[in-house]
$ cat query-v5.pdb   # PDB, C-alpha atoms
ATOM      1  CA  MET A 575      41.858  15.356  16.628
ATOM      2  CA  SER A 576      39.722  12.869  18.512
ATOM      3  CA  LEU A 577      37.189  10.554  16.950
ATOM      4  CA  ALA A 578      34.299  12.577  18.432
ATOM      5  CA  GLY A 579      35.759  15.801  16.985
ATOM      6  CA  LYS A 580      36.035  14.242  13.529
ATOM      7  CA  ALA A 581      32.412  13.056  13.754
ATOM      8  CA  VAL A 582      31.245  16.566  14.647
ATOM      9  CA  LEU A 583      33.259  18.054  11.774
ATOM     10  CA  ILE A 584      31.848  15.573   9.252
ATOM     11  CA  THR A 585      28.293  16.209  10.506
ATOM     12  CA  CYS A 586      28.780  19.981  10.100
ATOM     13  CA  LEU A 587      30.146  19.546   6.563
ATOM     14  CA  ILE A 588      27.220  17.324   5.544
ATOM     15  CA  GLY A 589      24.716  19.730   7.101
ATOM     16  CA  GLY A 590      26.308  22.707   5.317
ATOM     17  CA  ALA A 591      26.222  20.900   1.972
ATOM     18  CA  ALA A 592      22.578  19.971   2.497
ATOM     19  CA  PHE A 593      21.781  23.617   3.305
ATOM     20  CA  LEU A 594      23.456  24.826   0.101
ATOM     21  CA  VAL A 595      21.596  22.267  -2.009
ATOM     22  CA  ARG A 596      18.299  23.180  -0.351
ATOM     23  CA  ALA A 597      18.929  26.909  -0.907
ATOM     24  CA  GLU A 598      19.598  26.312  -4.616
ATOM     25  CA  VAL A 599      16.435  24.234  -5.000
ATOM     26  CA  ALA A 600      14.372  26.894  -3.227
ATOM     27  CA  LEU A 601      15.465  29.525  -5.768
ATOM     28  CA  ASP A 602      13.896  27.540  -8.608
ATOM     29  CA  SER A 603      10.668  26.711  -6.791
ATOM     30  CA  PRO A 604       7.515  27.041  -8.932
ATOM     31  CA  PHE A 605       5.650  28.106  -5.814
ATOM     32  CA  LEU A 606       7.635  31.317  -5.303
ATOM     33  CA  PRO A 607       6.548  34.612  -6.904
ATOM     34  CA  VAL A 608       7.818  35.340 -10.400
ATOM     35  CA  SER A 609      11.271  36.911 -10.335
ATOM     36  CA  GLY A 610      12.096  40.073 -12.262
ATOM     37  CA  SER A 611      13.700  38.110 -15.084
ATOM     38  CA  GLN A 612      10.544  36.037 -15.513
ATOM     39  CA  ALA A 613       8.077  38.911 -15.404
ATOM     40  CA  SER A 614       5.193  38.374 -17.756
ATOM     41  CA  ALA A 615       3.089  40.695 -19.836
ATOM     42  CA  GLN A 616       1.394  41.847 -16.630
ATOM     43  CA  GLU A 617       4.162  44.339 -15.938
ATOM     44  CA  GLY A 618       2.691  47.784 -15.505
ATOM     45  CA  VAL A 619      -0.754  46.440 -14.607
ATOM     46  CA  LEU A 620      -1.536  47.704 -11.124
ATOM     47  CA  LEU A 621      -4.842  45.906 -10.531
ATOM     48  CA  GLU A 622      -7.181  43.552 -12.335
ATOM     49  CA  PHE A 623     -10.971  43.622 -12.119
ATOM     50  CA  ARG A 624     -11.939  39.942 -12.305
ATOM     51  CA  GLY A 625     -15.542  39.603 -11.238
ATOM     52  CA  ILE A 626     -18.842  40.902  -9.896
ATOM     53  CA  MET A 627     -21.138  39.107  -7.469
ATOM     54  CA  ALA A 628     -24.497  40.212  -6.121
ATOM     55  CA  MET A 629     -25.490  38.889  -2.710
ATOM     56  CA  ASN A 630     -28.304  40.061  -0.432
ATOM     57  CA  GLY A 631     -28.889  43.090  -2.629
ATOM     58  CA  GLU A 632     -25.261  44.264  -2.513
ATOM     59  CA  GLU A 633     -22.647  44.075  -5.235
ATOM     60  CA  PHE A 634     -19.163  42.771  -4.526
ATOM     61  CA  PHE A 635     -16.211  43.363  -6.851
ATOM     62  CA  ASN A 636     -13.172  41.093  -7.152
ATOM     63  CA  LEU A 637      -9.917  43.023  -7.476
ATOM     64  CA  VAL A 638      -6.518  41.327  -7.745
ATOM     65  CA  ASP A 639      -3.004  42.726  -7.539
ATOM     66  CA  PRO A 640      -1.142  40.620 -10.167
ATOM     67  CA  SER A 641       2.273  41.419  -8.687
ATOM     68  CA  THR A 642       1.399  39.830  -5.328
ATOM     69  CA  LYS A 643      -1.335  37.513  -6.655
ATOM     70  CA  LYS A 644      -3.570  38.653  -3.798
ATOM     71  CA  GLY A 645      -7.106  39.869  -4.191
ATOM     72  CA  ALA A 646     -10.308  40.556  -2.372
ATOM     73  CA  TRP A 647     -14.056  40.844  -2.824
ATOM     74  CA  LEU A 648     -15.071  44.395  -1.888
ATOM     75  CA  LYS A 649     -18.297  46.368  -1.634
ATOM     76  CA  LEU A 650     -18.556  49.937  -2.850
ATOM     77  CA  ASN A 651     -16.564  52.317  -0.632
ATOM     78  CA  GLN A 652     -15.359  49.479   1.626
ATOM     79  CA  THR A 653     -12.083  50.396   3.319
ATOM     80  CA  GLY A 654      -9.480  48.264   5.070
ATOM     81  CA  ARG A 655      -7.685  47.125   1.908
ATOM     82  CA  PRO A 656      -5.017  48.818  -0.195
ATOM     83  CA  PHE A 657      -7.699  49.547  -2.814
ATOM     84  CA  VAL A 658     -11.212  51.004  -2.529
ATOM     85  CA  VAL A 659     -13.969  50.641  -5.129
ATOM     86  CA  ARG A 660     -15.546  54.079  -5.586
ATOM     87  CA  GLY A 661     -17.916  53.411  -8.487
ATOM     88  CA  HIS A 662     -19.344  50.892 -10.933
ATOM     89  CA  GLU A 663     -20.272  51.690 -14.526
ATOM     90  CA  VAL A 664     -21.984  49.539 -17.117
ATOM     91  CA  SER A 665     -21.495  50.839 -20.645
ATOM     92  CA  GLY A 666     -22.791  48.522 -23.336
ATOM     93  CA  PRO A 667     -21.232  45.073 -22.983
ATOM     94  CA  ALA A 668     -18.428  46.373 -20.699
ATOM     95  CA  ASP A 669     -18.375  46.573 -16.909
ATOM     96  CA  ASN A 670     -15.974  49.072 -15.342
ATOM     97  CA  VAL A 671     -15.086  50.023 -11.788
ATOM     98  CA  ILE A 672     -13.486  53.197 -10.495
ATOM     99  CA  VAL A 673     -10.818  52.276  -7.923
ATOM    100  CA  GLU A 674      -8.556  54.294  -5.650
ATOM    101  CA  TYR A 675      -5.182  52.596  -5.306
ATOM    102  CA  GLN A 676      -1.885  54.029  -4.021
ATOM    103  CA  GLY A 677      -3.195  57.590  -4.257
ATOM    104  CA  ARG A 678      -4.362  57.162  -7.865
ATOM    105  CA  THR A 679      -7.803  56.783  -9.388
ATOM    106  CA  LEU A 680      -8.031  53.911 -11.871
ATOM    107  CA  LYS A 681     -10.783  52.857 -14.244
ATOM    108  CA  LEU A 682     -10.630  49.073 -14.668
ATOM    109  CA  ALA A 683     -12.540  47.003 -17.203
ATOM    110  CA  LEU A 684     -13.822  43.564 -16.260
ATOM    111  CA  LEU A 685     -11.469  40.893 -17.570
ATOM    112  CA  ARG A 686     -13.205  38.430 -19.838
ATOM    113  CA  PRO A 687     -12.096  34.798 -19.998
ATOM    114  CA  LYS A 688     -10.011  33.818 -22.972
ATOM    115  CA  THR A 689     -11.455  30.908 -24.898
ATOM    116  CA  ALA A 690     -10.178  29.080 -27.925
ATOM    117  CA  LYS A 691     -12.440  27.741 -30.599
ATOM    118  CA  ALA A 692     -12.254  24.011 -31.171
ATOM    119  CA  SER A 693     -11.356  22.870 -34.632
ATOM    120  CA  PRO A 694     -14.316  21.747 -36.741
ATOM    121  CA  VAL A 695     -12.895  18.222 -36.940
ATOM    122  CA  ALA A 696     -12.673  17.933 -33.155
ATOM    123  CA  SER A 697     -16.205  19.229 -32.604
ATOM    124  CA  VAL A 698     -17.650  16.860 -35.230
ATOM    125  CA  ALA A 699     -15.778  13.923 -33.667
ATOM    126  CA  ALA A 700     -17.030  14.860 -30.212
ATOM    127  CA  ALA A 701     -20.622  15.129 -31.462
ATOM    128  CA  ALA A 702     -20.352  11.760 -33.211
ATOM    129  CA  ALA A 703     -18.950  10.130 -30.080
ATOM    130  CA  ALA A 704     -21.774  11.567 -27.995
ATOM    131  CA  ALA A 705     -24.418  10.380 -30.464
ATOM    132  CA  ALA A 706     -22.941   6.881 -30.907
ATOM    133  CA  PRO A 707     -24.776   4.140 -29.049
ATOM    134  CA  ARG A 708     -22.814   2.703 -26.152
ATOM    135  CA  GLY A 709     -23.643  -0.969 -26.213
ATOM    136  CA  PRO A 710     -27.007  -2.485 -25.472
ATOM    137  CA  ILE A 711     -28.218   0.459 -23.412
ATOM    138  CA  SER A 712     -31.152   2.228 -25.000
ATOM    139  CA  PRO A 713     -32.270   5.736 -24.094
ATOM    140  CA  VAL A 714     -34.517   6.040 -21.081
ATOM    141  CA  VAL A 715     -38.169   6.564 -21.926
ATOM    142  CA  LEU A 716     -40.182   8.346 -19.275
ATOM    143  CA  ASN A 717     -43.635   6.843 -18.776
ATOM    144  CA  PRO A 718     -43.097   4.008 -21.285
ATOM    145  CA  THR A 719     -46.049   2.575 -23.164
ATOM    146  CA  PRO A 720     -46.513  -1.200 -23.423
ATOM    147  CA  ALA A 721     -45.051  -1.011 -26.952
ATOM    148  CA  ASP A 722     -41.909   0.776 -25.625
ATOM    149  CA  GLU A 723     -41.550  -1.870 -22.924
ATOM    150  CA  ALA A 724     -41.895  -4.701 -25.469
ATOM    151  CA  VAL A 725     -39.132  -3.157 -27.631
ATOM    152  CA  ARG A 726     -36.875  -2.796 -24.591
ATOM    153  CA  LEU A 727     -37.424  -6.425 -23.513
ATOM    154  CA  GLU A 728     -36.780  -7.728 -27.034
ATOM    155  CA  ALA A 729     -33.486  -5.790 -27.194
ATOM    156  CA  PHE A 730     -32.566  -7.275 -23.804
ATOM    157  CA  ARG A 731     -33.308 -10.828 -24.990
ATOM    158  CA  ALA A 732     -31.260 -10.297 -28.165
ATOM    159  CA  GLU A 733     -28.290  -9.038 -26.125
ATOM    160  CA  VAL A 734     -28.462 -12.036 -23.749
ATOM    161  CA  LEU A 735     -28.535 -14.410 -26.727
ATOM    162  CA  ARG A 736     -25.585 -12.619 -28.400
ATOM    163  CA  ARG A 737     -23.473 -12.895 -25.235
ATOM    164  CA  ARG A 738     -24.324 -16.597 -24.765
ATOM    165  CA  LEU A 739     -23.223 -17.331 -28.328
ATOM    166  CA  GLN A 740     -19.955 -15.466 -27.741
ATOM    167  CA  ARG A 741     -19.267 -17.493 -24.588
ATOM    168  CA  GLN A 742     -20.028 -20.770 -26.392
ATOM    169  CA  GLN A 743     -17.709 -19.870 -29.288
ATOM    170  CA  ALA A 744     -14.936 -18.924 -26.867
ATOM    171  CA  ALA A 745     -15.384 -22.216 -24.968
ATOM    172  CA  GLN A 746     -15.286 -24.236 -28.208
ATOM    173  CA  GLN A 747     -12.140 -22.460 -29.390
ATOM    174  CA  GLY A 748     -10.528 -23.055 -25.989
ATOM    175  CA  ALA A 749     -11.361 -26.786 -26.128
ATOM    176  CA  ALA A 750     -10.107 -27.094 -29.713
ATOM    177  CA  ALA A 751      -6.739 -25.521 -28.861
ATOM    178  CA  PRO A 752      -4.043 -28.120 -28.141
ATOM    179  CA  ALA A 753      -3.081 -28.485 -24.510
ATOM    180  CA  PRO A 754       0.485 -27.465 -23.662
ATOM    181  CA  GLN A 755       2.813 -30.465 -23.402
ATOM    182  CA  ALA A 756       4.524 -31.184 -20.100
ATOM    183  CA  LYS A 757       8.283 -31.523 -20.242
TER
END
$ encode --input "query-v5.pdb" --output "structure tokens"
Amino acid sequence: MSLAGKAVLITCLIGGAAFLVRAEVALDSPFLPVSGSQASAQEGVLLEFRGIMAMNGEEFFNLVDPSTKKGAWLKLNQTGRPFVVRGHEVSGPADNVIVEYQGRTLKLALLRPKTAKASPVASVAAAAAAAAPRGPISPVVLNPTPADEAVRLEAFRAEVLRRRLQRQQAAQQGAAAPAPQAK
């Protein structure tokens, strides 16, 4: 076999190996739809009713097919999609739509977001952090009186003095430290 023939053979082997590696990686891609073995609790759910929006006097309904992760905003009786919204009912706190999908009539309830309550310790810590002063900045006073302005200026002067003293102490400590010896 000639040198050129060996080069072509090696190139084909490397290309084939790269293709096999790429095919294996593609099977585990998080961007691909969920495989049958990874199906979630949404099995059996044909459609989800996720939202309502009113615009220019018309209501639009958001329907999503969880198996394909595709959805659309539709008006009542709007065709051109695999599903058609035929009615909207409000009963107490629940919103429902009547939908025709794959030859069946479905009554879907509006999905509500799932929220978790924060622990009392976390909420108290967050409130304390929000209420804690953040340095020399005082709250903004709209239309300050001369007394408010005098308090603000005095706080400013005190902060300038505090920072000057810190700088002087740092400079004195730096001068008092022994200089490194040259070898």
$ atom_distance --input "query-v5.pdb" --atom1 "CA of Gly654 in chain A" --atom2 "CA of Gln676 in chain A"
13.2 Å
$ residues_around --input "query-v5.pdb" --residues "Ala628 in chain A" --least-positions-apart "4" --cutoff "12 Å" --atoms "all atoms listed in the file" --output "PyMOL selection string"
chain A and resi 632-636+647-650
$ closest_residue --input "query-v5.pdb" --among "A:Leu735, A:Ala578, A:Leu685, A:Ala744" --to "Phe623 in chain A" --atoms "all atoms listed in the file"
A:Leu685
$ atom_distance --input "query-v5.pdb" --atom1 "CA of Arg655 in chain A" --atom2 "CA of Leu682 in chain A"
16.9 Å
$ atom_distance --input "query-v5.pdb" --atom1 "CA of Lys644 in chain A" --atom2 "CA of Glu622 in chain A"
10.5 Å
$ residues_around --input "query-v5.pdb" --residues "range 658-661 of chain A" --least-positions-apart "3" --cutoff "6 Å" --atoms "all atoms listed in the file" --output "PyMOL selection string"
chain A and resi 650-651+653+671-674
$ resolve_selection --input "query-v5.pdb" --expression "the PyMOL selection byres ((chain A and resi 668) around 10)" --output "ChimeraX atom specification"
/A:663-667,669-670,683-686
$ write_last_selection --input "query-v5.pdb" --atoms "C-alpha atoms" --output "PDB file, in the coordinates of the input"
ATOM      1  CA  GLU A 663     -20.272  51.690 -14.526  1.00  0.00           C
ATOM      2  CA  VAL A 664     -21.984  49.539 -17.117  1.00  0.00           C
ATOM      3  CA  SER A 665     -21.495  50.839 -20.645  1.00  0.00           C
ATOM      4  CA  GLY A 666     -22.791  48.522 -23.336  1.00  0.00           C
ATOM      5  CA  PRO A 667     -21.232  45.073 -22.983  1.00  0.00           C
ATOM      6  CA  ASP A 669     -18.375  46.573 -16.909  1.00  0.00           C
ATOM      7  CA  ASN A 670     -15.974  49.072 -15.342  1.00  0.00           C
ATOM      8  CA  ALA A 683     -12.540  47.003 -17.203  1.00  0.00           C
ATOM      9  CA  LEU A 684     -13.822  43.564 -16.260  1.00  0.00           C
ATOM     10  CA  LEU A 685     -11.469  40.893 -17.570  1.00  0.00           C
ATOM     11  CA  ARG A 686     -13.205  38.430 -19.838  1.00  0.00           C
TER      12      ARG A 686
END
$ closest_residue --input "query-v5.pdb" --among "A:Ile588, A:Gln652, A:Tyr675, A:Pro718" --to "Leu621 in chain A" --atoms "only C-alpha atoms"
A:Tyr675
